[in-house]
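*Asks:* Submitted below is the structure of interest, expressed as structure tokens.
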Amino acid sequence: MAGLVSYISASQLLNLNQTNVAIVDVRDDERSYDPHIAGSLHYASETFSQRIPHLIRDVKGKDTLVFHCALSQVRGPSCARFFADYLSEVKEDTGIKKIVVLERGFSGWEASGRPVCLCTEIPCKGAHP
């Protein structure tokens, strides 16, 4: 799994079995005041590497992690690769089989009319799509 990260479209994401999926929003400060994908977990890219053990605990029981930032051009793919590398190094059985990046990030998700959540709660209590 080391460093191998593929992309997923919003449509493909909506077609996955959602009970097995965790959406990881790695936007930094903007996540606290911007809309987000309901039910997504917030792990800011600036502190991502230190918080990986927390993320592993928060995604227990999920087999697919979908990372994104605003556009999924830098932060989302970087965090996804870092996480994949981490998992391959620690050899911990997390049950995670797939790590993907949301194409066009949150901006693309929102622009395509997909549902967003406006709550300010962390973690978001909304169910993701």
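Naming works like this for the structure tokens: A, B, ... for the chains as they're shown, residue 1 at the start of each chain, ligands 1 onward in shown order.
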Return as number ranges by chain the full set of residues in chain A whose backbone-based DSSP assignment is strand (DSSP E).

*Replies:* A: 6-8, 21-25, 41-42, 64-68, 98-102

*Asks:* With a cut-off of 9 Å, could you pull out the residues of region 26-72 of chain A touching region 96-115 of chain A and give me the nearest pair of atoms for each, distance in Å to one decimal, using only C-alpha atoms, ordered by chain and ascending number, as a Markdown table?

*Replies:*
| residue | atom | partner | partner_atom | distance |
| --- | --- | --- | --- | --- |
| A:Pro35 | CA | A:Glu110 | CA | 8.7 |
| A:His36 | CA | A:Phe106 | CA | 7.2 |
| A:Ile37 | CA | A:Pro115 | CA | 7.0 |
| A:Ala38 | CA | A:Pro115 | CA | 7.6 |
| A:Val59 | CA | A:Ile96 | CA | 8.6 |
| A:Lys60 | CA | A:Ile96 | CA | 8.6 |
| A:Gly61 | CA | A:Ile96 | CA | 8.3 |
| A:Lys62 | CA | A:Ile96 | CA | 6.4 |
| A:Asp63 | CA | A:Ile96 | CA | 4.1 |
| A:Thr64 | CA | A:Lys98 | CA | 4.7 |
| A:Leu65 | CA | A:Ile99 | CA | 4.9 |
| A:Val66 | CA | A:Val100 | CA | 4.9 |
| A:Phe67 | CA | A:Val101 | CA | 4.7 |
| A:His68 | CA | A:Gly105 | CA | 5.1 |
| A:Cys69 | CA | A:Gly105 | CA | 5.4 |
| A:Ala70 | CA | A:Phe106 | CA | 4.9 |
| A:Leu71 | CA | A:Gly105 | CA | 4.1 |
| A:Ser72 | CA | A:Gly105 | CA | 4.4 |

*Asks:* Go ahead and save the residues from that selection, with all heavy atoms, as a compact mmCIF listing (two decimals), in the first residue's frame.

*Replies:*
# COMPACT_ATOMS: atom_id res chain seq x y z
N PRO A 35 -18.36 25.00 4.93
CA PRO A 35 -19.14 23.76 4.89
C PRO A 35 -18.20 22.57 4.69
O PRO A 35 -17.04 22.74 4.32
CB PRO A 35 -20.03 23.93 3.65
CG PRO A 35 -19.98 25.36 3.29
CD PRO A 35 -18.70 25.90 3.84
N HIS A 36 -18.72 21.37 4.91
CA HIS A 36 -17.92 20.15 4.78
C HIS A 36 -18.83 19.00 4.40
O HIS A 36 -20.05 19.14 4.44
CB HIS A 36 -17.17 19.85 6.09
CG HIS A 36 -18.06 19.83 7.29
ND1 HIS A 36 -18.41 20.99 7.97
CD2 HIS A 36 -18.72 18.83 7.90
CE1 HIS A 36 -19.23 20.67 8.96
NE2 HIS A 36 -19.44 19.38 8.93
N ILE A 37 -18.24 17.90 4.04
CA ILE A 37 -19.02 16.70 3.73
C ILE A 37 -19.50 16.13 5.06
O ILE A 37 -18.71 15.93 5.98
CB ILE A 37 -18.17 15.67 2.97
CG1 ILE A 37 -17.71 16.26 1.63
CG2 ILE A 37 -18.97 14.37 2.75
CD1 ILE A 37 -16.72 15.38 0.88
N ALA A 38 -20.80 15.93 5.17
CA ALA A 38 -21.38 15.45 6.42
C ALA A 38 -20.71 14.17 6.89
O ALA A 38 -20.45 13.27 6.10
CB ALA A 38 -22.88 15.23 6.26
N VAL A 59 -11.16 5.53 12.72
CA VAL A 59 -11.67 4.84 11.54
C VAL A 59 -11.78 3.33 11.74
O VAL A 59 -11.97 2.59 10.78
CB VAL A 59 -10.83 5.16 10.27
CG1 VAL A 59 -10.86 6.65 9.97
CG2 VAL A 59 -9.41 4.64 10.39
N LYS A 60 -11.70 2.91 12.98
CA LYS A 60 -11.78 1.48 13.28
C LYS A 60 -13.08 0.91 12.67
O LYS A 60 -14.15 1.48 12.82
CB LYS A 60 -11.77 1.26 14.78
CG LYS A 60 -11.60 -0.18 15.18
CD LYS A 60 -11.18 -0.27 16.63
CE LYS A 60 -10.91 -1.66 17.08
NZ LYS A 60 -9.77 -2.29 16.47
N GLY A 61 -12.95 -0.20 11.98
CA GLY A 61 -14.11 -0.82 11.35
C GLY A 61 -14.36 -0.37 9.92
O GLY A 61 -15.23 -0.90 9.24
N LYS A 62 -13.60 0.61 9.45
CA LYS A 62 -13.74 1.09 8.07
C LYS A 62 -12.65 0.44 7.22
O LYS A 62 -11.54 0.21 7.71
CB LYS A 62 -13.58 2.62 7.99
CG LYS A 62 -14.50 3.38 8.93
CD LYS A 62 -15.95 3.24 8.54
CE LYS A 62 -16.83 4.11 9.44
NZ LYS A 62 -18.24 3.96 9.14
N ASP A 63 -12.95 0.16 5.96
CA ASP A 63 -11.90 -0.42 5.11
C ASP A 63 -11.45 0.51 3.99
O ASP A 63 -10.49 0.24 3.30
CB ASP A 63 -12.31 -1.78 4.56
CG ASP A 63 -13.51 -1.73 3.63
OD1 ASP A 63 -13.88 -0.65 3.15
OD2 ASP A 63 -14.07 -2.81 3.36
N THR A 64 -12.17 1.63 3.82
CA THR A 64 -11.81 2.59 2.78
C THR A 64 -11.74 3.99 3.39
O THR A 64 -12.68 4.42 4.05
CB THR A 64 -12.86 2.59 1.65
OG1 THR A 64 -12.94 1.27 1.10
CG2 THR A 64 -12.50 3.57 0.55
N LEU A 65 -10.62 4.66 3.15
CA LEU A 65 -10.46 6.05 3.60
C LEU A 65 -10.39 6.94 2.37
O LEU A 65 -9.63 6.66 1.44
CB LEU A 65 -9.17 6.23 4.42
CG LEU A 65 -9.32 6.07 5.93
CD1 LEU A 65 -9.85 4.72 6.30
CD2 LEU A 65 -8.02 6.37 6.62
N VAL A 66 -11.20 8.00 2.39
CA VAL A 66 -11.24 8.95 1.29
C VAL A 66 -10.72 10.28 1.81
O VAL A 66 -11.36 10.91 2.67
CB VAL A 66 -12.68 9.13 0.74
CG1 VAL A 66 -12.69 10.13 -0.40
CG2 VAL A 66 -13.25 7.79 0.30
N PHE A 67 -9.56 10.69 1.34
CA PHE A 67 -8.95 11.95 1.76
C PHE A 67 -9.33 13.07 0.81
O PHE A 67 -9.50 12.84 -0.39
CB PHE A 67 -7.42 11.82 1.75
CG PHE A 67 -6.87 11.04 2.91
CD1 PHE A 67 -6.89 9.66 2.92
CD2 PHE A 67 -6.31 11.69 4.00
CE1 PHE A 67 -6.37 8.93 3.98
CE2 PHE A 67 -5.80 10.99 5.08
CZ PHE A 67 -5.82 9.60 5.06
N HIS A 68 -9.46 14.27 1.36
CA HIS A 68 -9.66 15.43 0.49
C HIS A 68 -9.24 16.70 1.22
O HIS A 68 -9.20 16.76 2.45
CB HIS A 68 -11.11 15.54 0.01
CG HIS A 68 -12.05 16.09 1.04
ND1 HIS A 68 -12.21 17.44 1.26
CD2 HIS A 68 -12.86 15.48 1.92
CE1 HIS A 68 -13.09 17.63 2.24
NE2 HIS A 68 -13.49 16.45 2.65
N CYS A 69 -8.94 17.72 0.42
CA CYS A 69 -8.73 19.07 0.93
C CYS A 69 -9.63 19.96 0.07
O CYS A 69 -10.66 19.49 -0.41
CB CYS A 69 -7.25 19.47 0.86
SG CYS A 69 -6.52 19.34 -0.78
N ALA A 70 -9.28 21.19 -0.13
CA ALA A 70 -10.13 22.08 -0.93
C ALA A 70 -10.22 21.61 -2.38
O ALA A 70 -11.31 21.48 -2.93
CB ALA A 70 -9.63 23.51 -0.86
N LEU A 71 -9.08 21.34 -3.01
CA LEU A 71 -9.06 20.94 -4.41
C LEU A 71 -8.47 19.55 -4.65
O LEU A 71 -8.46 19.05 -5.77
CB LEU A 71 -8.24 21.96 -5.23
CG LEU A 71 -8.76 23.39 -5.22
CD1 LEU A 71 -7.75 24.33 -5.88
CD2 LEU A 71 -10.11 23.48 -5.90
N SER A 72 -7.95 18.93 -3.59
CA SER A 72 -7.29 17.62 -3.67
C SER A 72 -6.13 17.61 -4.66
O SER A 72 -5.93 16.65 -5.40
CB SER A 72 -8.29 16.50 -4.00
OG SER A 72 -9.10 16.24 -2.87

*Asks:* Of the candidates A:Asn20, A:Ser49, A:Ser6, A:Ser40, which one gets nearest to Val116 (chain A) if we count only C-alpha atoms?

*Replies:*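 Selected residue with least distance to Val116 (chain A): A:Ser40.
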
*Asks:* Find the distance between CA of Leu41 (chain A) and CA of Asp58 (chain A) and write it in Å to one decimal.

*Replies:*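 Result for CA of Leu41 (chain A) versus CA of Asp58 (chain A): 8.3 Å, one decimal.
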